[in-house]
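The file coords.pdb contains PDB, C-alpha atoms:
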```
ATOM      1  CA  MET Z 232     -41.422   2.997 -89.624
ATOM      2  CA  THR Z 233     -44.515   2.650 -87.468
ATOM      3  CA  HIS Z 234     -46.729   4.423 -90.051
ATOM      4  CA  ARG Z 235     -46.226   2.064 -92.992
ATOM      5  CA  GLY Z 236     -49.431   0.135 -92.416
ATOM      6  CA  THR Z 237     -49.967  -3.611 -92.257
ATOM      7  CA  ASN Z 238     -49.182  -5.770 -95.262
ATOM      8  CA  LEU Z 239     -49.538  -9.540 -95.516
ATOM      9  CA  SER Z 240     -46.474  -9.860 -97.750
ATOM     10  CA  ARG Z 241     -44.222  -8.334 -95.102
ATOM     11  CA  ILE Z 242     -45.713 -10.681 -92.498
ATOM     12  CA  LEU Z 243     -44.932 -13.727 -94.648
ATOM     13  CA  TYR Z 244     -41.393 -12.492 -95.275
ATOM     14  CA  GLY Z 245     -41.024 -11.987 -91.535
ATOM     15  CA  ILE Z 246     -42.262 -15.495 -90.697
ATOM     16  CA  TYR Z 247     -39.772 -16.978 -93.142
ATOM     17  CA  ALA Z 248     -36.846 -14.842 -91.981
ATOM     18  CA  PHE Z 249     -37.429 -15.118 -88.236
ATOM     19  CA  PHE Z 250     -38.450 -18.782 -88.127
ATOM     20  CA  LEU Z 251     -37.367 -20.708 -91.222
ATOM     21  CA  GLN Z 252     -34.412 -19.032 -92.910
ATOM     22  CA  PRO Z 253     -31.375 -21.362 -92.876
ATOM     23  CA  ALA Z 254     -28.016 -20.227 -91.599
ATOM     24  CA  ARG Z 255     -25.200 -19.708 -94.085
ATOM     25  CA  TYR Z 256     -21.837 -21.298 -93.331
ATOM     26  CA  GLU Z 257     -18.479 -21.247 -95.077
ATOM     27  CA  GLY Z 258     -15.235 -23.131 -94.652
ATOM     28  CA  VAL Z 259     -13.104 -20.324 -93.214
ATOM     29  CA  PHE Z 260     -13.259 -18.346 -89.984
ATOM     30  CA  PRO Z 261     -15.659 -17.017 -88.716
ATOM     31  CA  PHE Z 262     -17.623 -19.795 -90.519
ATOM     32  CA  LEU Z 263     -21.044 -18.156 -89.972
ATOM     33  CA  THR Z 264     -21.784 -15.445 -92.537
ATOM     34  CA  ALA Z 265     -24.608 -12.999 -93.108
ATOM     35  CA  ASN Z 266     -27.537 -14.218 -95.165
ATOM     36  CA  GLY Z 267     -29.427 -11.335 -96.729
ATOM     37  CA  LEU Z 268     -33.174 -11.439 -97.288
ATOM     38  CA  GLU Z 269     -33.789 -11.391-101.024
ATOM     39  CA  ASN Z 270     -37.274 -10.255-101.946
ATOM     40  CA  ASN Z 271     -39.297  -8.686-104.730
ATOM     41  CA  TYR Z 272     -41.650  -6.822-102.428
ATOM     42  CA  MET Z 273     -43.111  -3.775-104.197
ATOM     43  CA  GLY Z 274     -42.760  -1.338-101.334
ATOM     44  CA  LYS Z 275     -40.583  -0.398 -98.379
ATOM     45  CA  MET Z 276     -39.010  -3.470 -96.787
ATOM     46  CA  VAL Z 277     -36.802  -2.622 -93.815
ATOM     47  CA  SER Z 278     -34.335  -5.485 -93.454
ATOM     48  CA  GLU Z 279     -30.717  -6.056 -92.544
ATOM     49  CA  PHE Z 280     -28.277  -8.933 -92.559
ATOM     50  CA  LEU Z 281     -29.512 -12.140 -90.944
ATOM     51  CA  PHE Z 282     -27.766 -15.215 -89.586
ATOM     52  CA  GLY Z 283     -30.644 -17.657 -89.859
ATOM     53  CA  GLY Z 284     -34.004 -18.040 -88.184
ATOM     54  CA  ILE Z 285     -34.976 -19.557 -84.859
ATOM     55  CA  LEU Z 286     -34.994 -23.120 -86.202
ATOM     56  CA  ALA Z 287     -31.450 -22.617 -87.499
ATOM     57  CA  SER Z 288     -30.081 -21.234 -84.238
ATOM     58  CA  GLN Z 289     -32.040 -23.430 -81.799
ATOM     59  CA  SER Z 290     -32.374 -26.937 -83.178
ATOM     60  CA  VAL Z 291     -34.098 -28.009 -79.950
ATOM     61  CA  CYS Z 292     -37.167 -26.319 -81.434
ATOM     62  CA  TRP Z 293     -37.311 -29.009 -84.118
ATOM     63  CA  CYS Z 294     -39.128 -31.181 -81.594
ATOM     64  CA  LEU Z 295     -42.226 -29.041 -82.231
ATOM     65  CA  ALA Z 296     -42.765 -31.312 -85.224
ATOM     66  CA  LEU Z 297     -43.789 -33.956 -82.658
ATOM     67  CA  LEU Z 298     -46.526 -31.752 -81.206
ATOM     68  CA  PRO Z 299     -49.382 -33.579 -83.010
ATOM     69  CA  ALA Z 300     -48.081 -36.891 -81.632
ATOM     70  CA  CYS Z 301     -47.825 -35.746 -78.013
ATOM     71  CA  ARG Z 302     -50.802 -33.374 -77.916
ATOM     72  CA  LYS Z 303     -52.937 -35.943 -76.101
ATOM     73  CA  LYS Z 304     -50.153 -36.598 -73.594
ATOM     74  CA  ILE Z 305     -49.990 -32.909 -72.734
ATOM     75  CA  ALA Z 306     -53.771 -32.561 -72.543
ATOM     76  CA  GLY Z 307     -53.953 -35.593 -70.255
ATOM     77  CA  ALA Z 308     -51.041 -34.653 -68.028
ATOM     78  CA  ALA Z 309     -51.631 -36.177 -64.591
ATOM     79  CA  ASP Z 310     -50.676 -35.242 -61.078
ATOM     80  CA  LYS Z 311     -50.789 -38.172 -58.665
ATOM     81  CA  THR Z 312     -51.978 -35.957 -55.840
ATOM     82  CA  SER Z 313     -55.046 -34.699 -57.708
ATOM     83  CA  GLY Z 314     -58.293 -36.156 -58.922
ATOM     84  CA  ALA Z 315     -59.029 -37.157 -62.500
ATOM     85  CA  GLY Z 316     -61.085 -34.042 -63.220
ATOM     86  CA  GLU Z 317     -58.389 -31.753 -61.921
ATOM     87  CA  ASN Z 318     -55.745 -33.674 -63.886
ATOM     88  CA  ASN Z 319     -57.664 -33.164 -67.115
ATOM     89  CA  ARG Z 320     -58.094 -29.467 -66.394
ATOM     90  CA  THR Z 321     -54.385 -29.066 -65.640
ATOM     91  CA  GLY Z 322     -53.430 -30.824 -68.865
ATOM     92  CA  LYS Z 323     -55.695 -28.591 -70.919
ATOM     93  CA  GLU Z 324     -54.221 -25.533 -69.231
ATOM     94  CA  LEU Z 325     -50.721 -26.682 -70.190
ATOM     95  CA  LEU Z 326     -51.812 -27.269 -73.776
ATOM     96  CA  GLY Z 327     -53.443 -23.844 -73.838
ATOM     97  CA  LEU Z 328     -50.274 -22.230 -72.504
ATOM     98  CA  LEU Z 329     -48.254 -23.960 -75.222
ATOM     99  CA  ALA Z 330     -50.645 -22.759 -77.927
ATOM    100  CA  CYS Z 331     -50.609 -19.205 -76.544
ATOM    101  CA  ALA Z 332     -46.800 -19.150 -76.507
ATOM    102  CA  LEU Z 333     -46.641 -20.197 -80.160
ATOM    103  CA  ALA Z 334     -49.389 -17.788 -81.174
ATOM    104  CA  ALA Z 335     -47.686 -14.932 -79.328
ATOM    105  CA  SER Z 336     -44.439 -15.620 -81.187
ATOM    106  CA  VAL Z 337     -46.199 -15.491 -84.563
ATOM    107  CA  ILE Z 338     -48.038 -12.279 -83.628
ATOM    108  CA  ILE Z 339     -44.807 -10.641 -82.456
ATOM    109  CA  VAL Z 340     -43.070 -11.618 -85.692
ATOM    110  CA  GLY Z 341     -45.899 -10.148 -87.753
ATOM    111  CA  PHE Z 342     -45.807  -6.924 -85.751
ATOM    112  CA  ASP Z 343     -42.019  -6.601 -85.950
ATOM    113  CA  ALA Z 344     -41.973  -7.230 -89.699
ATOM    114  CA  ASN Z 345     -44.504  -4.455 -90.293
ATOM    115  CA  ALA Z 346     -43.803  -1.897 -87.586
ATOM    116  CA  ALA Z 347     -40.039  -2.209 -87.140
ATOM    117  CA  GLY Z 348     -38.399  -4.350 -89.797
ATOM    118  CA  ILE Z 349     -36.771  -7.722 -90.347
ATOM    119  CA  LEU Z 350     -33.574  -7.513 -88.319
ATOM    120  CA  GLN Z 351     -31.532 -10.198 -86.605
ATOM    121  CA  ARG Z 352     -31.939  -8.730 -83.120
ATOM    122  CA  TYR Z 353     -35.729  -8.922 -83.358
ATOM    123  CA  THR Z 354     -35.456 -12.711 -83.535
ATOM    124  CA  ALA Z 355     -35.087 -12.659 -79.753
ATOM    125  CA  ASP Z 356     -38.615 -11.227 -79.438
ATOM    126  CA  ALA Z 357     -40.187 -14.436 -80.708
ATOM    127  CA  ALA Z 358     -37.557 -16.973 -79.647
ATOM    128  CA  PHE Z 359     -38.754 -17.273 -76.044
ATOM    129  CA  GLY Z 360     -42.261 -18.440 -76.944
ATOM    130  CA  VAL Z 361     -40.964 -21.051 -79.387
ATOM    131  CA  ALA Z 362     -38.341 -22.313 -76.930
ATOM    132  CA  LEU Z 363     -40.929 -22.521 -74.130
ATOM    133  CA  SER Z 364     -43.260 -24.558 -76.331
ATOM    134  CA  SER Z 365     -40.397 -26.871 -77.271
ATOM    135  CA  CYS Z 366     -39.652 -27.496 -73.595
ATOM    136  CA  PHE Z 367     -43.298 -28.437 -72.996
ATOM    137  CA  VAL Z 368     -43.160 -30.953 -75.846
ATOM    138  CA  LEU Z 369     -39.927 -32.534 -74.592
ATOM    139  CA  LEU Z 370     -41.181 -32.746 -71.018
ATOM    140  CA  ALA Z 371     -44.444 -34.323 -72.191
ATOM    141  CA  LEU Z 372     -42.574 -36.963 -74.186
ATOM    142  CA  PHE Z 373     -40.170 -37.890 -71.387
ATOM    143  CA  ASP Z 374     -42.909 -37.827 -68.741
ATOM    144  CA  GLY Z 375     -45.105 -40.105 -70.839
ATOM    145  CA  MET Z 376     -42.271 -42.601 -71.217
ATOM    146  CA  GLN Z 377     -41.630 -42.601 -67.474
ATOM    147  CA  ARG Z 378     -45.272 -43.037 -66.385
ATOM    148  CA  GLU Z 379     -45.996 -45.863 -68.827
ATOM    149  CA  ARG Z 380     -42.895 -47.879 -67.994
ATOM    150  CA  ASN Z 381     -44.501 -49.982 -65.242
ATOM    151  CA  THR Z 382     -47.566 -50.961 -67.289
ATOM    152  CA  GLU Z 383     -45.866 -52.305 -70.397
ATOM    153  CA  ARG Z 384     -44.490 -55.640 -71.437
ATOM    154  CA  ILE Z 385     -40.741 -56.200 -71.549
ATOM    155  CA  GLN Z 386     -40.493 -55.653 -75.311
ATOM    156  CA  GLU Z 387     -42.464 -52.427 -75.095
ATOM    157  CA  GLN Z 388     -40.261 -51.261 -72.231
ATOM    158  CA  LYS Z 389     -37.187 -51.829 -74.388
ATOM    159  CA  GLU Z 390     -38.713 -49.788 -77.200
ATOM    160  CA  ARG Z 391     -39.559 -46.992 -74.778
ATOM    161  CA  GLY Z 392     -36.046 -47.117 -73.368
ATOM    162  CA  ALA Z 393     -34.539 -46.825 -76.843
ATOM    163  CA  ALA Z 394     -36.807 -43.873 -77.659
ATOM    164  CA  ARG Z 395     -35.773 -42.202 -74.409
ATOM    165  CA  ARG Z 396     -32.081 -42.654 -75.213
ATOM    166  CA  TYR Z 397     -32.555 -41.224 -78.693
ATOM    167  CA  GLY Z 398     -34.438 -38.302 -77.194
ATOM    168  CA  LEU Z 399     -31.601 -37.565 -74.791
ATOM    169  CA  ILE Z 400     -29.076 -37.811 -77.623
ATOM    170  CA  PHE Z 401     -31.127 -35.325 -79.643
ATOM    171  CA  LEU Z 402     -31.379 -32.962 -76.680
ATOM    172  CA  ARG Z 403     -27.635 -33.023 -76.043
ATOM    173  CA  ALA Z 404     -26.859 -32.531 -79.729
ATOM    174  CA  ALA Z 405     -29.312 -29.626 -79.889
ATOM    175  CA  LEU Z 406     -27.732 -27.931 -76.876
ATOM    176  CA  LEU Z 407     -24.272 -28.419 -78.374
ATOM    177  CA  GLN Z 408     -25.428 -26.945 -81.692
ATOM    178  CA  HIS Z 409     -26.930 -23.950 -79.920
ATOM    179  CA  ALA Z 410     -23.715 -23.341 -77.966
ATOM    180  CA  LEU Z 411     -21.667 -23.574 -81.174
ATOM    181  CA  TYR Z 412     -24.012 -21.179 -82.989
ATOM    182  CA  ALA Z 413     -23.822 -18.709 -80.089
ATOM    183  CA  PHE Z 414     -20.014 -18.857 -80.247
ATOM    184  CA  LEU Z 415     -19.898 -18.319 -84.010
ATOM    185  CA  ILE Z 416     -22.352 -15.436 -84.065
ATOM    186  CA  VAL Z 417     -20.100 -13.484 -81.689
ATOM    187  CA  PHE Z 418     -17.405 -13.416 -84.380
ATOM    188  CA  ALA Z 419     -19.698 -13.184 -87.408
ATOM    189  CA  CYS Z 420     -19.305 -10.048 -89.513
ATOM    190  CA  GLY Z 421     -22.631  -8.680 -90.641
ATOM    191  CA  ASP Z 422     -21.916  -4.971 -90.913
ATOM    192  CA  SER Z 423     -19.307  -2.430 -89.838
ATOM    193  CA  VAL Z 424     -20.032  -2.987 -86.120
ATOM    194  CA  ASN Z 425     -18.299  -6.271 -85.314
ATOM    195  CA  LEU Z 426     -15.318  -7.706 -83.491
ATOM    196  CA  LYS Z 427     -13.209  -7.637 -86.634
ATOM    197  CA  ASN Z 428     -13.265  -3.838 -86.584
ATOM    198  CA  TYR Z 429     -13.700  -3.058 -82.888
ATOM    199  CA  GLY Z 430     -12.267  -6.101 -81.133
ATOM    200  CA  ARG Z 431      -9.297  -7.016 -83.253
ATOM    201  CA  LEU Z 432      -7.321  -8.632 -80.438
ATOM    202  CA  LEU Z 433     -10.137 -11.052 -79.614
ATOM    203  CA  TYR Z 434     -11.150 -11.636 -83.236
ATOM    204  CA  TYR Z 435      -7.707 -12.420 -84.616
ATOM    205  CA  GLY Z 436      -6.779 -14.332 -81.475
ATOM    206  CA  ALA Z 437      -9.717 -16.658 -82.089
ATOM    207  CA  LYS Z 438      -8.944 -16.812 -85.805
ATOM    208  CA  ARG Z 439      -5.433 -18.103 -85.122
ATOM    209  CA  LEU Z 440      -6.934 -21.087 -83.303
ATOM    210  CA  PHE Z 441      -8.425 -22.307 -86.595
ATOM    211  CA  GLN Z 442      -5.392 -21.669 -88.782
ATOM    212  CA  ILE Z 443      -3.097 -24.512 -89.702
TER     213      ILE Z 443
END
```

Would you kindly transcribe this structure into C-alpha cells?
Amino acid sequence: MTHRGTNLSRILYGIYAFFLQPARYEGVFPFLTANGLENNYMGKMVSEFLFGGILASQSVCWCLALLPACRKKIAGAADKTSGAGENNRTGKELLGLLACALAASVIIVGFDANAAGILQRYTADAAFGVALSSCFVLLALFDGMQRERNTERIQEQKERGAARRYGLIFLRAALLQHALYAFLIVFACGDSVNLKNYGRLLYYGAKRLFQI
C-alpha cells in the first residue's frame, strides 16, 4: 500500500471521510451502523466501513467554527505576571500551536489516505490535533469572558453571563454526545469482528435493555 503514490483525489476523500462524514443511525439496537465510503475514484482506493468522521464523533470540535471570532483573543492572551511584550509573544505562540495542531491533523489524514487507506481506526491519528485545537478555542472564549467582566456595564455583563451559560451547556451536551457515541460504537457491527459474533453475552445482554 505504501507504493501507490500520492493522489489529490484520495486526499480529498480522506479529508471528507475522516473529518466530515456524518454518522449513520437507525432505530434499532445497536443504533449506530456502518457507513461505507461511496466513490468513483479511478484507481485503488483502500477503504473499509466507517462510523462517521471526527466532527460526528466529537461534537466539541464544532467550536472550531468560532476560531475566526476568537483568534484575536488567543493572540492577545495575557498573563498578569508578565509584561505586555511577553504577553503578546505568549499569545502568538498559543495561536501558532493551535494552527500547527490543525495542520498536523490534515497532513496525517492526507498521508493515511494515500499510504495506508481510509479506515475507521486511522481517525484516531488526526483526532488529537483537532481536539487540542478545540480546547484552545473554548479556553480562549471562557477566559475572555472572565477577564472582561469587571470592565463592562451591567447590561454587557448580563450578555456575557448568558453567553457563558450557553457555552457551558454546549460543552456538557458535547461531552454527553461523545460518551454516547463511544458506547454505541462498542456494539456497532461493521464487519465479522464484533461483539455480536465474539461477545454474544455482552452484546445480547445490552440489546435486551432496549427491548420492550

| Atomic separation - atom CA of Z:Ala254 relative to atom CA of Z:Gly284, Å |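 That distance, rounded to one decimal, is 7.2 Å.
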
| Quick one: residues within 9 Å of Z:Gln351, all atoms listed in the file counted, chain neighbours fewer than 2 positions away excluded, as a VMD selection string? | chain Z and resid 248 to 249 278 to 284 349 353 to 355

Would you save the residues of that selection, restricted to C-alpha atoms, as a compact mmCIF listing (two decimals), in the frame of the given file?
```txt
# COMPACT_ATOMS: atom_id res chain seq x y z
CA ALA Z 248 -36.85 -14.84 -91.98
CA PHE Z 249 -37.43 -15.12 -88.24
CA SER Z 278 -34.34 -5.48 -93.45
CA GLU Z 279 -30.72 -6.06 -92.54
CA PHE Z 280 -28.28 -8.93 -92.56
CA LEU Z 281 -29.51 -12.14 -90.94
CA PHE Z 282 -27.77 -15.22 -89.59
CA GLY Z 283 -30.64 -17.66 -89.86
CA GLY Z 284 -34.00 -18.04 -88.18
CA ILE Z 349 -36.77 -7.72 -90.35
CA TYR Z 353 -35.73 -8.92 -83.36
CA THR Z 354 -35.46 -12.71 -83.54
CA ALA Z 355 -35.09 -12.66 -79.75
```

| Leaving out stretch 414-417 of chain Z and any residue of its chain fewer than 2 positions from it, which residues lie within 10 Å of it when counting only C-alpha atoms, given as a PyMOL selection string? | chain Z and resi 256+260-265+282+288+408-412+419-421+425-426+434

| message | Quick one: residues within 7 Å of stretch 329-335 of chain Z, all atoms listed in the file, excluding same-chain residues fewer than 2 positions away - as a list in words? | response |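 Those residues are Leu325, Leu326, Gly327, Val337, Ile338, Ile339, Gly360, Val361 and Ser364 of chain Z.
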
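Between atom CA of Z:Pro253 and atom CA of Z:Asn345 there is a distance of 21.6 Å.
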
Extract, using all atoms listed in the file, all DNA, RNA and protein residues at most 9 Å from Z:Cys366, discarding same-chain residues fewer than 4 positions from it, and format them as a PDB file with C-alpha atoms, keeping the file's coordinate frame.
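Once written, result_12.pdb looks like this:
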```pdb
ATOM      1  CA  VAL Z 291     -34.098 -28.009 -79.950  1.00  0.00           C
ATOM      2  CA  CYS Z 292     -37.167 -26.319 -81.434  1.00  0.00           C
ATOM      3  CA  CYS Z 294     -39.128 -31.181 -81.594  1.00  0.00           C
ATOM      4  CA  VAL Z 361     -40.964 -21.051 -79.387  1.00  0.00           C
ATOM      5  CA  ALA Z 362     -38.341 -22.313 -76.930  1.00  0.00           C
ATOM      6  CA  LEU Z 370     -41.181 -32.746 -71.018  1.00  0.00           C
ATOM      7  CA  ALA Z 371     -44.444 -34.323 -72.191  1.00  0.00           C
TER       8      ALA Z 371
END
```

| query | What is the atom CA of Z:Arg395 to atom CA of Z:Ala300 distance in Å? | reply |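 For atom CA of Z:Arg395 relative to atom CA of Z:Ala300, the distance reads 15.2 Å.
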
| Option closest in space to Z:Phe441, from Z:Arg352, Z:Asp343, Z:Val259, Z:Ala404 [counting only C-alpha atoms] | Z:Val259

Since the input has fewer atoms than a full residue there, write stretch 322-335 of chain Z out with N, CA and C atoms, as a short mmCIF file (atom, residue, chain, number, x, y, z; two decimals), in the frame of the given file.
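Produced file part-v4.cif, reproduced below:
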```cif
data_model
loop_
_atom_site.label_atom_id
_atom_site.label_comp_id
_atom_site.auth_asym_id
_atom_site.auth_seq_id
_atom_site.Cartn_x
_atom_site.Cartn_y
_atom_site.Cartn_z
N GLY Z 322 -54.00 -30.50 -67.56
CA GLY Z 322 -53.43 -30.82 -68.86
C GLY Z 322 -53.90 -29.88 -69.95
N LYS Z 323 -55.17 -29.53 -69.92
CA LYS Z 323 -55.70 -28.59 -70.92
C LYS Z 323 -55.10 -27.20 -70.73
N GLU Z 324 -54.85 -26.83 -69.48
CA GLU Z 324 -54.22 -25.53 -69.23
C GLU Z 324 -52.80 -25.50 -69.79
N LEU Z 325 -52.07 -26.61 -69.63
CA LEU Z 325 -50.72 -26.68 -70.19
C LEU Z 325 -50.75 -26.60 -71.71
N LEU Z 326 -51.69 -27.31 -72.32
CA LEU Z 326 -51.81 -27.27 -73.78
C LEU Z 326 -52.20 -25.87 -74.25
N GLY Z 327 -53.07 -25.21 -73.49
CA GLY Z 327 -53.44 -23.84 -73.84
C GLY Z 327 -52.28 -22.88 -73.71
N LEU Z 328 -51.45 -23.08 -72.67
CA LEU Z 328 -50.27 -22.23 -72.50
C LEU Z 328 -49.30 -22.42 -73.66
N LEU Z 329 -49.13 -23.67 -74.09
CA LEU Z 329 -48.25 -23.96 -75.22
C LEU Z 329 -48.76 -23.27 -76.48
N ALA Z 330 -50.06 -23.38 -76.73
CA ALA Z 330 -50.64 -22.76 -77.93
C ALA Z 330 -50.52 -21.24 -77.87
N CYS Z 331 -50.72 -20.67 -76.69
CA CYS Z 331 -50.61 -19.20 -76.54
C CYS Z 331 -49.18 -18.74 -76.78
N ALA Z 332 -48.20 -19.52 -76.31
CA ALA Z 332 -46.80 -19.15 -76.51
C ALA Z 332 -46.44 -19.14 -77.99
N LEU Z 333 -46.91 -20.16 -78.72
CA LEU Z 333 -46.64 -20.20 -80.16
C LEU Z 333 -47.36 -19.07 -80.89
N ALA Z 334 -48.62 -18.85 -80.52
CA ALA Z 334 -49.39 -17.79 -81.17
C ALA Z 334 -48.78 -16.42 -80.90
N ALA Z 335 -48.31 -16.21 -79.67
CA ALA Z 335 -47.69 -14.93 -79.33
C ALA Z 335 -46.42 -14.70 -80.15
#
```
